[in-house]
$ cat entry.txt   # compact mmCIF, C-alpha atoms
# COMPACT_ATOMS: atom_id res chain seq x y z
CA MET B 1 -35.97 -10.87 -7.85
CA THR B 2 -34.52 -7.47 -8.60
CA GLN B 3 -33.82 -4.99 -5.85
CA PRO B 4 -35.65 -1.63 -6.04
CA SER B 5 -33.45 1.14 -7.33
CA THR B 6 -32.45 3.85 -4.90
CA PRO B 7 -31.92 7.50 -5.79
CA GLU B 8 -28.31 8.39 -6.42
CA THR B 9 -26.83 10.59 -3.70
CA PRO B 10 -24.48 13.41 -4.59
CA SER B 11 -20.79 12.87 -3.90
CA PRO B 12 -19.51 14.63 -0.75
CA ALA B 13 -17.22 17.60 -1.16
CA PRO B 14 -13.46 17.20 -0.81
CA ILE B 15 -12.08 17.40 2.69
CA SER B 16 -10.79 20.87 3.41
CA SER B 17 -9.79 22.81 6.47
CA THR B 18 -11.34 25.97 4.98
CA GLN B 19 -14.55 24.55 3.53
CA ASN B 20 -17.41 23.27 5.66
CA PRO B 21 -18.80 20.10 4.01
CA TYR B 22 -22.10 20.57 5.85
CA PRO B 23 -23.49 24.06 5.06
CA GLY B 24 -25.67 25.53 7.77
CA THR B 25 -23.91 23.62 10.55
CA ALA B 26 -20.80 24.12 12.64
CA SER B 27 -17.47 23.55 10.96
CA VAL B 28 -16.31 19.92 10.90
CA ASP B 29 -12.79 18.99 11.95
CA PRO B 30 -11.04 17.75 8.77
CA GLN B 31 -9.20 15.07 10.77
CA ALA B 32 -12.47 13.72 12.17
CA GLU B 33 -14.06 13.84 8.72
CA ALA B 34 -11.08 11.97 7.26
CA ALA B 35 -11.34 9.29 9.95
CA ARG B 36 -15.06 8.90 9.25
CA LEU B 37 -14.53 8.51 5.51
CA LEU B 38 -11.77 5.96 6.02
CA GLN B 39 -13.85 3.94 8.45
CA ASP B 40 -16.70 3.97 5.92
CA ALA B 41 -14.31 2.69 3.26
CA LEU B 42 -13.06 -0.08 5.57
CA TYR B 43 -16.64 -1.06 6.37
CA GLN B 44 -17.60 -1.27 2.70
CA VAL B 45 -14.68 -3.59 1.92
CA LYS B 46 -15.08 -5.73 5.05
CA LYS B 47 -18.77 -6.35 4.43
CA VAL B 48 -17.72 -8.14 1.23
CA VAL B 49 -14.35 -9.62 2.24
CA VAL B 50 -14.60 -11.93 5.26
CA GLY B 51 -11.62 -11.78 7.58
CA GLN B 52 -8.32 -10.63 6.02
CA ASP B 53 -8.45 -7.49 8.18
CA ARG B 54 -4.70 -6.98 7.89
CA LEU B 55 -4.85 -7.23 4.10
CA VAL B 56 -7.71 -4.74 3.83
CA GLU B 57 -6.01 -2.29 6.16
CA ARG B 58 -2.68 -2.52 4.35
CA VAL B 59 -4.30 -1.95 0.95
CA LEU B 60 -5.94 1.20 2.31
CA VAL B 61 -2.59 2.32 3.75
CA CYS B 62 -1.06 1.98 0.27
CA LEU B 63 -3.84 4.11 -1.18
CA LEU B 64 -3.26 6.81 1.43
CA ALA B 65 0.51 6.71 0.99
CA ASN B 66 0.15 6.78 -2.82
CA GLY B 67 2.14 3.56 -3.11
CA HIS B 68 1.68 0.28 -4.95
CA CYS B 69 0.79 -2.99 -3.26
CA LEU B 70 1.82 -6.57 -4.08
CA ILE B 71 -0.61 -9.17 -2.70
CA GLU B 72 0.60 -12.77 -2.51
CA GLY B 73 -1.42 -15.80 -1.48
CA TYR B 74 -2.79 -19.15 -2.51
CA PRO B 75 -5.71 -19.37 -4.97
CA GLY B 76 -9.16 -18.53 -3.67
CA LEU B 77 -8.14 -16.29 -0.75
CA ALA B 78 -9.99 -13.16 -1.98
CA LYS B 79 -6.93 -11.35 -3.33
CA THR B 80 -8.69 -10.19 -6.48
CA LEU B 81 -11.96 -9.65 -4.59
CA THR B 82 -10.22 -7.37 -2.10
CA ALA B 83 -8.62 -5.28 -4.84
CA SER B 84 -11.79 -4.95 -6.90
CA THR B 85 -13.94 -4.18 -3.83
CA THR B 86 -11.48 -1.50 -2.73
CA ALA B 87 -11.68 0.04 -6.19
CA LYS B 88 -15.48 0.02 -5.94
CA ALA B 89 -15.40 1.81 -2.58
CA LEU B 90 -12.87 4.31 -3.90
CA GLY B 91 -14.68 5.40 -7.01
CA GLY B 92 -12.73 6.78 -9.92
CA SER B 93 -11.62 4.63 -12.83
CA MET B 94 -10.46 1.04 -12.42
CA THR B 95 -9.15 -1.54 -14.86
CA ARG B 96 -8.33 -5.20 -14.37
CA ILE B 97 -5.53 -6.66 -16.48
CA GLN B 98 -5.22 -10.44 -16.52
CA PHE B 99 -1.52 -11.16 -16.98
CA THR B 100 -0.70 -14.15 -19.18
CA PRO B 101 2.52 -15.47 -20.77
CA ASP B 102 1.47 -14.23 -24.23
CA LEU B 103 0.89 -10.64 -23.07
CA VAL B 104 2.92 -7.94 -24.84
CA PRO B 105 3.71 -4.39 -23.65
CA ALA B 106 1.26 -2.90 -26.16
CA ASP B 107 -1.57 -4.74 -24.40
CA LEU B 108 -0.67 -2.83 -21.27
CA VAL B 109 0.42 0.70 -22.22
CA GLY B 110 -0.93 1.02 -25.76
CA THR B 111 0.48 1.15 -29.27
CA ARG B 112 0.70 3.23 -32.48
CA ILE B 113 -2.01 2.63 -35.08
CA TRP B 114 -1.72 3.63 -38.74
CA ARG B 115 -4.66 5.74 -40.00
CA PRO B 116 -4.83 5.39 -43.82
CA THR B 117 -7.27 8.28 -44.17
CA ARG B 118 -4.77 10.71 -42.66
CA GLU B 119 -1.62 8.81 -43.64
CA ASP B 120 -0.33 9.20 -40.11
CA PHE B 121 -0.05 7.29 -36.85
CA ASP B 122 -2.39 7.62 -33.91
CA ILE B 123 -1.64 6.38 -30.41
CA GLU B 124 -4.18 4.06 -28.84
CA TRP B 125 -3.43 4.29 -25.13
CA GLY B 126 -3.74 1.10 -23.11
CA PRO B 127 -5.81 0.04 -20.10
CA ILE B 128 -3.14 1.16 -17.64
CA PHE B 129 -4.60 4.67 -17.75
CA ALA B 130 -6.83 4.36 -14.69
CA ASN B 131 -6.79 5.48 -11.08
CA LEU B 132 -6.53 1.93 -9.81
CA VAL B 133 -5.01 -0.86 -11.87
CA LEU B 134 -5.55 -4.46 -10.78
CA ALA B 135 -2.67 -6.51 -12.18
CA ASP B 136 -3.97 -10.04 -11.70
CA GLU B 137 -1.34 -12.82 -11.54
CA ILE B 138 1.44 -10.37 -12.30
CA ASN B 139 4.15 -13.04 -12.19
CA ARG B 140 2.68 -14.71 -15.29
CA ALA B 141 3.75 -11.79 -17.47
CA PRO B 142 7.07 -11.98 -19.40
CA ALA B 143 9.97 -9.65 -18.68
CA LYS B 144 9.06 -7.13 -21.41
CA VAL B 145 5.62 -6.53 -19.91
CA GLN B 146 7.08 -6.26 -16.42
CA SER B 147 9.55 -3.65 -17.68
CA ALA B 148 6.74 -1.62 -19.25
CA LEU B 149 4.84 -1.72 -15.98
CA LEU B 150 8.00 -0.66 -14.12
CA GLU B 151 8.18 2.73 -15.87
CA ALA B 152 4.51 3.38 -15.22
CA MET B 153 4.84 2.53 -11.52
CA SER B 154 8.04 4.52 -11.03
CA GLU B 155 7.63 7.54 -13.29
CA ARG B 156 3.81 7.60 -13.37
CA GLN B 157 3.92 8.21 -17.09
CA VAL B 158 3.96 6.20 -20.32
CA SER B 159 6.07 6.86 -23.43
CA ILE B 160 5.08 5.57 -26.88
CA GLY B 161 6.72 6.61 -30.14
CA GLY B 162 8.25 9.75 -28.69
CA HIS B 163 4.99 10.81 -27.00
CA THR B 164 4.78 10.88 -23.19
CA ARG B 165 1.48 10.96 -21.36
CA PRO B 166 1.11 11.25 -17.57
CA LEU B 167 -1.00 8.69 -15.77
CA PRO B 168 -4.13 9.73 -13.84
CA ASP B 169 -3.78 11.13 -10.34
CA PRO B 170 -4.04 9.18 -8.13
CA PHE B 171 -2.50 6.10 -9.75
CA ILE B 172 -2.19 2.90 -7.72
CA VAL B 173 -1.24 -0.61 -8.85
CA LEU B 174 -2.64 -3.53 -6.84
CA ALA B 175 -0.87 -6.64 -8.09
CA THR B 176 -1.65 -10.23 -7.10
CA GLN B 177 0.52 -13.29 -7.49
CA ASN B 178 0.24 -17.00 -6.72
CA PRO B 179 3.27 -18.48 -4.90
CA ILE B 180 2.64 -22.13 -5.83
CA GLU B 181 2.70 -21.83 -9.62
CA SER B 182 5.83 -22.98 -11.43
CA GLU B 183 4.71 -23.46 -15.05
CA GLY B 184 4.56 -20.34 -17.24
CA VAL B 185 5.61 -18.08 -14.37
CA TYR B 186 8.22 -15.31 -14.48
CA ALA B 187 9.42 -14.37 -11.01
CA LEU B 188 9.44 -10.64 -10.36
CA PRO B 189 13.00 -9.26 -10.25
CA GLU B 190 14.20 -7.43 -7.15
CA ALA B 191 14.17 -4.09 -8.97
CA GLN B 192 10.46 -4.35 -9.68
CA ARG B 193 9.51 -5.75 -6.28
CA ASP B 194 11.23 -2.73 -4.73
CA ARG B 195 8.79 -0.46 -6.58
CA PHE B 196 5.94 -1.79 -4.45
CA LEU B 197 5.42 0.02 -1.19
CA MET B 198 4.08 -3.12 0.49
CA HIS B 199 4.22 -6.88 -0.01
CA VAL B 200 1.24 -8.39 1.80
CA LEU B 201 0.95 -12.13 2.46
CA VAL B 202 -2.59 -13.50 2.60
CA PRO B 203 -3.13 -16.33 5.14
CA GLN B 204 -5.70 -19.09 5.01
CA PRO B 205 -8.95 -18.22 6.86
CA SER B 206 -9.69 -19.61 10.30
CA TYR B 207 -12.58 -21.93 11.13
CA GLN B 208 -14.80 -19.02 12.20
CA GLU B 209 -13.94 -17.03 9.08
CA GLU B 210 -14.58 -20.03 6.83
CA THR B 211 -17.99 -20.47 8.43
CA ALA B 212 -18.77 -16.79 7.87
CA ILE B 213 -17.70 -17.10 4.23
CA ALA B 214 -20.06 -20.03 3.69
CA THR B 215 -22.91 -18.11 5.30
CA ARG B 216 -22.34 -14.73 3.69
CA MET B 217 -21.51 -15.88 0.17
CA GLY B 218 -24.05 -18.68 -0.03
CA ALA B 219 -27.00 -16.45 -0.94
CA ALA B 220 -27.13 -12.92 -2.34
CA ARG B 221 -23.60 -11.59 -2.12
CA PRO B 222 -23.13 -8.18 -0.50
CA GLN B 223 -21.95 -5.32 -2.67
CA ALA B 224 -19.71 -2.42 -1.72
CA GLU B 225 -20.83 1.17 -2.20
CA THR B 226 -18.70 4.08 -3.33
CA VAL B 227 -17.88 6.25 -0.31
CA LEU B 228 -14.73 8.06 -1.50
CA THR B 229 -14.07 10.21 -4.54
CA THR B 230 -10.71 10.73 -6.21
CA ASP B 231 -10.69 14.34 -4.98
CA GLN B 232 -11.19 13.17 -1.42
CA LEU B 233 -8.44 10.57 -1.81
CA ARG B 234 -6.02 13.22 -3.07
CA GLU B 235 -6.90 15.38 -0.07
CA LEU B 236 -6.31 12.44 2.26
CA GLN B 237 -2.94 11.83 0.63
CA ARG B 238 -2.08 15.48 1.23
CA MET B 239 -3.00 15.06 4.90
CA VAL B 240 -0.68 12.03 5.07
CA ASP B 241 2.21 14.13 3.77
CA GLU B 242 1.62 16.64 6.60
CA VAL B 243 1.64 14.09 9.45
CA PHE B 244 4.29 14.93 12.01
CA VAL B 245 7.19 12.49 12.53
CA HIS B 246 9.34 13.09 15.61
CA HIS B 247 13.08 12.73 15.16
CA ALA B 248 13.17 9.83 17.64
CA VAL B 249 10.55 7.92 15.62
CA GLN B 250 12.47 8.66 12.44
CA ASP B 251 15.63 7.36 14.12
CA TYR B 252 13.77 4.17 15.05
CA ALA B 253 12.87 3.61 11.39
CA VAL B 254 16.45 4.24 10.28
CA ARG B 255 17.83 1.80 12.88
CA LEU B 256 15.48 -0.90 11.59
CA ILE B 257 16.72 -0.31 8.04
CA MET B 258 20.38 -0.30 9.06
CA SER B 259 19.90 -3.56 10.95
CA THR B 260 18.90 -5.24 7.68
CA ARG B 261 21.74 -3.60 5.74
CA ASP B 262 24.69 -4.20 8.11
CA ALA B 263 23.52 -6.80 10.62
CA SER B 264 26.88 -7.44 12.30
CA ARG B 265 27.57 -3.78 12.99
CA TRP B 266 24.13 -3.24 14.52
CA GLY B 267 24.27 -6.21 16.91
CA PHE B 268 22.75 -8.99 14.79
CA GLU B 269 25.77 -11.20 14.18
CA ASN B 270 23.52 -14.27 14.06
CA LEU B 271 21.61 -12.81 11.08
CA ALA B 272 24.62 -11.67 9.06
CA PRO B 273 25.14 -15.04 7.27
CA TYR B 274 21.52 -14.98 6.11
CA ILE B 275 21.25 -11.45 4.64
CA SER B 276 22.81 -10.84 1.25
CA LEU B 277 21.35 -7.37 0.70
CA GLY B 278 19.33 -5.19 3.04
CA ALA B 279 16.69 -2.55 2.45
CA SER B 280 17.57 0.49 0.32
CA PRO B 281 16.87 4.17 1.15
CA ARG B 282 13.59 3.70 -0.71
CA GLY B 283 12.69 1.30 2.09
CA THR B 284 13.33 4.01 4.69
CA LEU B 285 11.11 6.49 2.85
CA GLY B 286 8.45 3.84 2.33
CA LEU B 287 8.50 2.87 6.00
CA ILE B 288 7.95 6.45 7.15
CA SER B 289 5.34 7.12 4.45
CA ALA B 290 3.36 3.99 5.35
CA ALA B 291 3.57 4.89 9.05
CA ARG B 292 2.16 8.35 8.26
CA ALA B 293 -0.74 6.73 6.38
CA MET B 294 -1.35 4.36 9.30
CA ALA B 295 -1.48 7.33 11.67
CA VAL B 296 -4.15 9.04 9.54
CA LEU B 297 -6.10 5.78 9.32
CA ARG B 298 -6.02 5.62 13.13
CA GLY B 299 -7.15 9.23 13.50
CA ARG B 300 -3.86 10.89 14.44
CA ARG B 301 -1.79 13.77 13.09
CA PHE B 302 1.49 12.30 14.33
CA VAL B 303 3.33 8.99 14.03
CA VAL B 304 4.00 6.79 17.06
CA PRO B 305 6.55 3.94 17.17
CA GLN B 306 3.75 1.39 16.99
CA ASP B 307 2.88 2.64 13.49
CA ILE B 308 6.44 1.94 12.34
CA PHE B 309 6.38 -1.47 14.01
CA ASP B 310 3.04 -2.47 12.45
CA VAL B 311 3.90 -1.62 8.83
CA ALA B 312 7.54 -2.79 8.91
CA PRO B 313 6.90 -6.45 7.87
CA GLU B 314 4.95 -5.50 4.73
CA VAL B 315 7.28 -2.65 3.78
CA LEU B 316 10.55 -4.54 4.28
CA ARG B 317 9.96 -8.25 3.57
CA HIS B 318 10.39 -7.89 -0.20
CA ARG B 319 13.40 -5.58 0.18
CA ILE B 320 15.62 -8.12 1.96
CA THR B 321 17.63 -10.46 -0.24
CA LEU B 322 18.59 -13.69 1.50
CA THR B 323 21.69 -15.81 1.01
CA TYR B 324 21.78 -19.45 -0.07
CA ASP B 325 22.53 -20.37 3.54
CA ALA B 326 19.19 -18.88 4.57
CA LEU B 327 17.35 -20.82 1.88
CA ALA B 328 19.12 -24.04 2.93
CA ASP B 329 18.24 -23.50 6.59
CA GLY B 330 14.63 -22.54 5.85
CA ILE B 331 15.10 -18.94 7.01
CA THR B 332 12.66 -16.47 5.45
CA ALA B 333 12.63 -12.69 5.36
CA ASP B 334 9.88 -12.74 7.99
CA HIS B 335 12.16 -14.67 10.35
CA VAL B 336 14.82 -12.01 9.91
CA LEU B 337 12.36 -9.16 10.44
CA ASN B 338 10.81 -10.77 13.52
CA GLU B 339 14.27 -10.99 15.09
CA ILE B 340 15.10 -7.38 14.24
CA LEU B 341 11.74 -5.98 15.37
CA SER B 342 11.93 -7.85 18.68
CA ARG B 343 15.40 -6.55 19.54
CA VAL B 344 15.62 -3.02 18.13
CA GLN B 345 14.42 -0.82 20.97
CA ALA B 346 11.65 1.64 20.10
CA PRO B 347 11.52 5.15 21.57
CA GLN B 348 9.40 5.47 24.68
CA ILE B 349 6.31 7.65 24.70
CA SER B 350 5.14 9.72 27.64
CA PRO B 351 2.61 12.57 28.03
CA ALA B 352 4.19 15.93 27.32
CA THR B 353 3.32 17.18 30.81
CA ASN B 354 5.46 14.46 32.36
CA VAL B 355 8.52 15.05 30.20
CA ALA B 356 11.44 16.81 31.91
CA PRO B 357 12.61 20.07 30.29
CA ALA B 358 14.87 19.35 27.37
CA ALA B 359 18.48 20.45 27.28
CA PRO B 360 19.17 23.58 25.21
CA ALA B 361 20.83 21.49 22.47
CA GLN B 362 17.76 19.27 22.04
CA PRO B 363 14.63 20.19 20.05
CA THR B 364 11.46 21.23 21.84
CA ILE B 365 9.07 18.40 22.64
CA VAL B 366 5.99 18.59 20.43
CA GLU B 367 2.55 18.05 21.94
CA PRO B 368 0.50 15.95 22.49
CA PHE B 369 3.25 13.43 23.13
CA GLY B 370 6.94 13.66 23.96
CA TYR B 371 9.46 11.11 22.78
CA ARG B 372 12.56 9.86 24.50
CA SER B 373 15.10 8.11 22.32
CA ALA B 374 15.96 4.56 23.30
CA GLY B 375 18.82 4.32 25.75

$ encode --input "entry.txt" --output "C-alpha cells"
Amino acid sequence: MTQPSTPETPSPAPISSTQNPYPGTASVDPQAEAARLLQDALYQVKKVVVGQDRLVERVLVCLLANGHCLIEGYPGLAKTLTASTTAKALGGSMTRIQFTPDLVPADLVGTRIWRPTREDFDIEWGPIFANLVLADEINRAPAKVQSALLEAMSERQVSIGGHTRPLPDPFIVLATQNPIESEGVYALPEAQRDRFLMHVLVPQPSYQEETAIATRMGAARPQAETVLTTDQLRELQRMVDEVFVHHAVQDYAVRLIMSTRDASRWGFENLAPYISLGASPRGTLGLISAARAMAVLRGRRFVVPQDIFDVAPEVLRHRITLTYDALADGITADHVLNEILSRVQAPQISPATNVAPAAPAQPTIVEPFGYRSAG
C-alpha cells in the first residue's frame, strides 16, 4: 500500500545573526536555531539507526568540523546505513562508491574522453564531485585509487590532464572498512588515515538494541527526512570556527598530544616502549576543531575540557603508531589513550563570579566560565 504524498515544504533560510528566519516574529537566537536544527538532524538519523548513538554523534561532529570520517566495524552494524541516512538528512548531493580491487583512479575522479567530432579531449568528471561521498569498504581499493582519494580529501580539488577543478563546498568523505577481511584488502597507509578527522569504531549492539532492531526493521522501515541544507551546513561550520577556546583548554589538548609524542618526558614511562610515533600537529588542530564542533552540537559558544576529553579517542586513535612490543603484548591505541586521558589533568572550571582576580600578567577571564590551569 502506497503512502499518500505530502506537499513539499520550502527549505528554511540559512542561519544568520542578521536575518530573522521567521518573518513577522521576534528575532531568533542563531545559536538556539543551530541547536534546534542539529537536534532535528540527530533525530532523523536515530529514527532509522538503532543505537550507535556515539557513531551518529561523531559523524555529525565531522560534518560540523568539515572533516572526514573513517568508520570501522564488523559487517551488518549499520555503517553504510548511518552514512547514507546522514546524507539524506543533510540534503545536497551524495554519491556512494563501492570500492573493489579492480577499481582504477578514473572510476573515482574521472578521465579524459576523445571526441572525434571535435578532434579534442573532453574531461568526464567522476562521482567524487558531491557534497558527501560514501566510500564503502575503502580498504578494498588498491594503492593508486587511495592516492587519488588522498588529493581530493587533502586539497579538496581534482586534477586531470592539466585541468584542476575544485570539489563542492562542503565536501565530506565518510569511509567504511571491515576489520576482519584479509583477502583482496589493501590496508590504509598512515598518511591517508591521518587525513581523516575521526576514526570511529562501531560496537556490536546490546540485547535491548538488537530487540529494537528486530521490531523497527521487521515491517515498514522508517525513512529520514531532509532537515538541513548545504547553505545551513556551511553557516554551522562558520559558527564552529568562531567558538571560543580558552588558553587553558588549548593547553590541555596540547598536553594530550605531547603525551603521545614523547611519553617518557611527559610522565608515561610505562607507555614509551609501546608508542613508535605519536600524533602530529594535524592531530592537535583536529582535536580542537572537533571539540569546537562538539560544543556547537551541545548548544555552547565555548569549549569545555569535557569536549576535548570526549572527542580525543576518535581523533587520536588512528594517529598513534604502535611498536611491535605493543602488538605482541596485545596493547592497542585505545589502551594507550585510556591511560593518557585518565592521568593528564584537565583544567578546572568554575563560575566566573567565583574566580579570584587574575594577576596582571594573566589574560582576563572570559564569561560565562573561568578556567584555572591544572596545578

$ residues_around --input "entry.txt" --residues "Ala83 in chain B" --least-positions-apart "3" --cutoff "8 Å" --atoms "only C-alpha atoms" --output "PyMOL selection string"
chain B and resi 59+79-80+86-87+134+174

$ atom_distance --input "entry.txt" --atom1 "CA of Thr229 in chain B" --atom2 "CA of Thr284 in chain B"
29.6 Å

$ atom_distance --input "entry.txt" --atom1 "CA of Phe309 in chain B" --atom2 "CA of Leu341 in chain B"
7.1 Å

$ closest_residue --input "entry.txt" --among "B:Gln177, B:Met239, B:Leu42, B:Arg96" --to "Arg140 in chain B" --atoms "all atoms listed in the file"
B:Gln177

$ atom_distance --input "entry.txt" --atom1 "CA of Ala248 in chain B" --atom2 "CA of His318 in chain B"
25.3 Å

$ closest_residue --input "entry.txt" --among "B:Asp107, B:Asp53, B:Glu119, B:Glu155" --to "Ala141 in chain B" --atoms "all atoms listed in the file"
B:Asp107

$ residues_around --input "entry.txt" --residues "Thr332 in chain B" --least-positions-apart "3" --cutoff "12 Å" --atoms "all atoms listed in the file" --output "PyMOL selection string"
chain B and resi 271+274-275+313+317-318+320-329+335-339

$ residues_near_point --input "entry.txt" --point "(16.0, -7.0, -7.7)" --cutoff "10 Å" --atoms "only C-alpha atoms" --output "ChimeraX atom specification"
/B:188-195,277,318-321

$ residues_around --input "entry.txt" --residues "Glu225 in chain B" --least-positions-apart "3" --cutoff "10 Å" --atoms "all atoms listed in the file" --output "PyMOL selection string"
chain B and resi 40-41+43-45+85-86+88-91+222+228

$ residues_around --input "entry.txt" --residues "range 212-214 of chain B" --least-positions-apart "2" --cutoff "12 Å" --atoms "only C-alpha atoms" --output "PyMOL selection string"
chain B and resi 46-52+76-78+205-210+216-222

$ closest_residue --input "entry.txt" --among "B:Val158, B:Asn178, B:Arg36, B:Asp136" --to "Leu201 in chain B" --atoms "all atoms listed in the file"
B:Asn178

$ residues_around --input "entry.txt" --residues "Ala291 in chain B" --least-positions-apart "5" --cutoff "9 Å" --atoms "only C-alpha atoms" --output "PyMOL selection string"
chain B and resi 61+65+286+296+303-312

$ build_atoms --input "entry.txt" --residues "range 213-236 of chain B" --atoms "N, CA and C atoms" --output "compact mmCIF listing (two decimals), keeping the file's coordinate frame"
# COMPACT_ATOMS: atom_id res chain seq x y z
N ILE B 213 -17.74 -17.14 5.70
CA ILE B 213 -17.70 -17.10 4.23
C ILE B 213 -18.82 -17.95 3.65
N ALA B 214 -19.01 -19.15 4.19
CA ALA B 214 -20.06 -20.03 3.69
C ALA B 214 -21.44 -19.42 3.90
N THR B 215 -21.62 -18.72 5.00
CA THR B 215 -22.91 -18.11 5.30
C THR B 215 -23.17 -16.88 4.45
N ARG B 216 -22.15 -16.01 4.36
CA ARG B 216 -22.34 -14.73 3.69
C ARG B 216 -22.40 -14.87 2.18
N MET B 217 -21.59 -15.76 1.61
CA MET B 217 -21.51 -15.88 0.17
C MET B 217 -22.43 -16.96 -0.40
N GLY B 218 -23.19 -17.61 0.46
CA GLY B 218 -24.05 -18.68 -0.03
C GLY B 218 -25.30 -18.19 -0.72
N ALA B 219 -25.78 -17.00 -0.36
CA ALA B 219 -27.00 -16.45 -0.94
C ALA B 219 -26.64 -15.22 -1.77
N ALA B 220 -27.42 -14.16 -1.61
CA ALA B 220 -27.13 -12.92 -2.34
C ALA B 220 -25.87 -12.29 -1.76
N ARG B 221 -24.86 -12.12 -2.60
CA ARG B 221 -23.60 -11.59 -2.12
C ARG B 221 -23.69 -10.09 -1.87
N PRO B 222 -23.11 -9.63 -0.76
CA PRO B 222 -23.13 -8.18 -0.50
C PRO B 222 -22.29 -7.43 -1.52
N GLN B 223 -22.64 -6.17 -1.72
CA GLN B 223 -21.95 -5.32 -2.67
C GLN B 223 -21.46 -4.07 -1.96
N ALA B 224 -20.26 -3.63 -2.31
CA ALA B 224 -19.71 -2.42 -1.72
C ALA B 224 -20.29 -1.19 -2.41
N GLU B 225 -20.37 -0.11 -1.67
CA GLU B 225 -20.83 1.17 -2.20
C GLU B 225 -19.66 2.14 -2.27
N THR B 226 -19.75 3.08 -3.18
CA THR B 226 -18.70 4.08 -3.33
C THR B 226 -18.85 5.13 -2.24
N VAL B 227 -17.82 5.29 -1.42
CA VAL B 227 -17.88 6.25 -0.31
C VAL B 227 -16.77 7.28 -0.40
N LEU B 228 -15.82 7.12 -1.33
CA LEU B 228 -14.73 8.06 -1.50
C LEU B 228 -14.63 8.48 -2.96
N THR B 229 -14.34 9.73 -3.19
CA THR B 229 -14.07 10.21 -4.54
C THR B 229 -12.56 10.39 -4.72
N THR B 230 -12.14 10.53 -5.96
CA THR B 230 -10.71 10.73 -6.21
C THR B 230 -10.23 12.06 -5.61
N ASP B 231 -11.09 13.08 -5.60
CA ASP B 231 -10.69 14.34 -4.98
C ASP B 231 -10.47 14.17 -3.49
N GLN B 232 -11.35 13.42 -2.85
CA GLN B 232 -11.19 13.17 -1.42
C GLN B 232 -9.94 12.34 -1.15
N LEU B 233 -9.65 11.37 -2.00
CA LEU B 233 -8.44 10.57 -1.81
C LEU B 233 -7.19 11.43 -1.96
N ARG B 234 -7.17 12.32 -2.92
CA ARG B 234 -6.02 13.22 -3.07
C ARG B 234 -5.86 14.11 -1.84
N GLU B 235 -6.98 14.56 -1.27
CA GLU B 235 -6.90 15.38 -0.07
C GLU B 235 -6.39 14.56 1.12
N LEU B 236 -6.81 13.31 1.21
CA LEU B 236 -6.31 12.44 2.26
C LEU B 236 -4.82 12.17 2.09
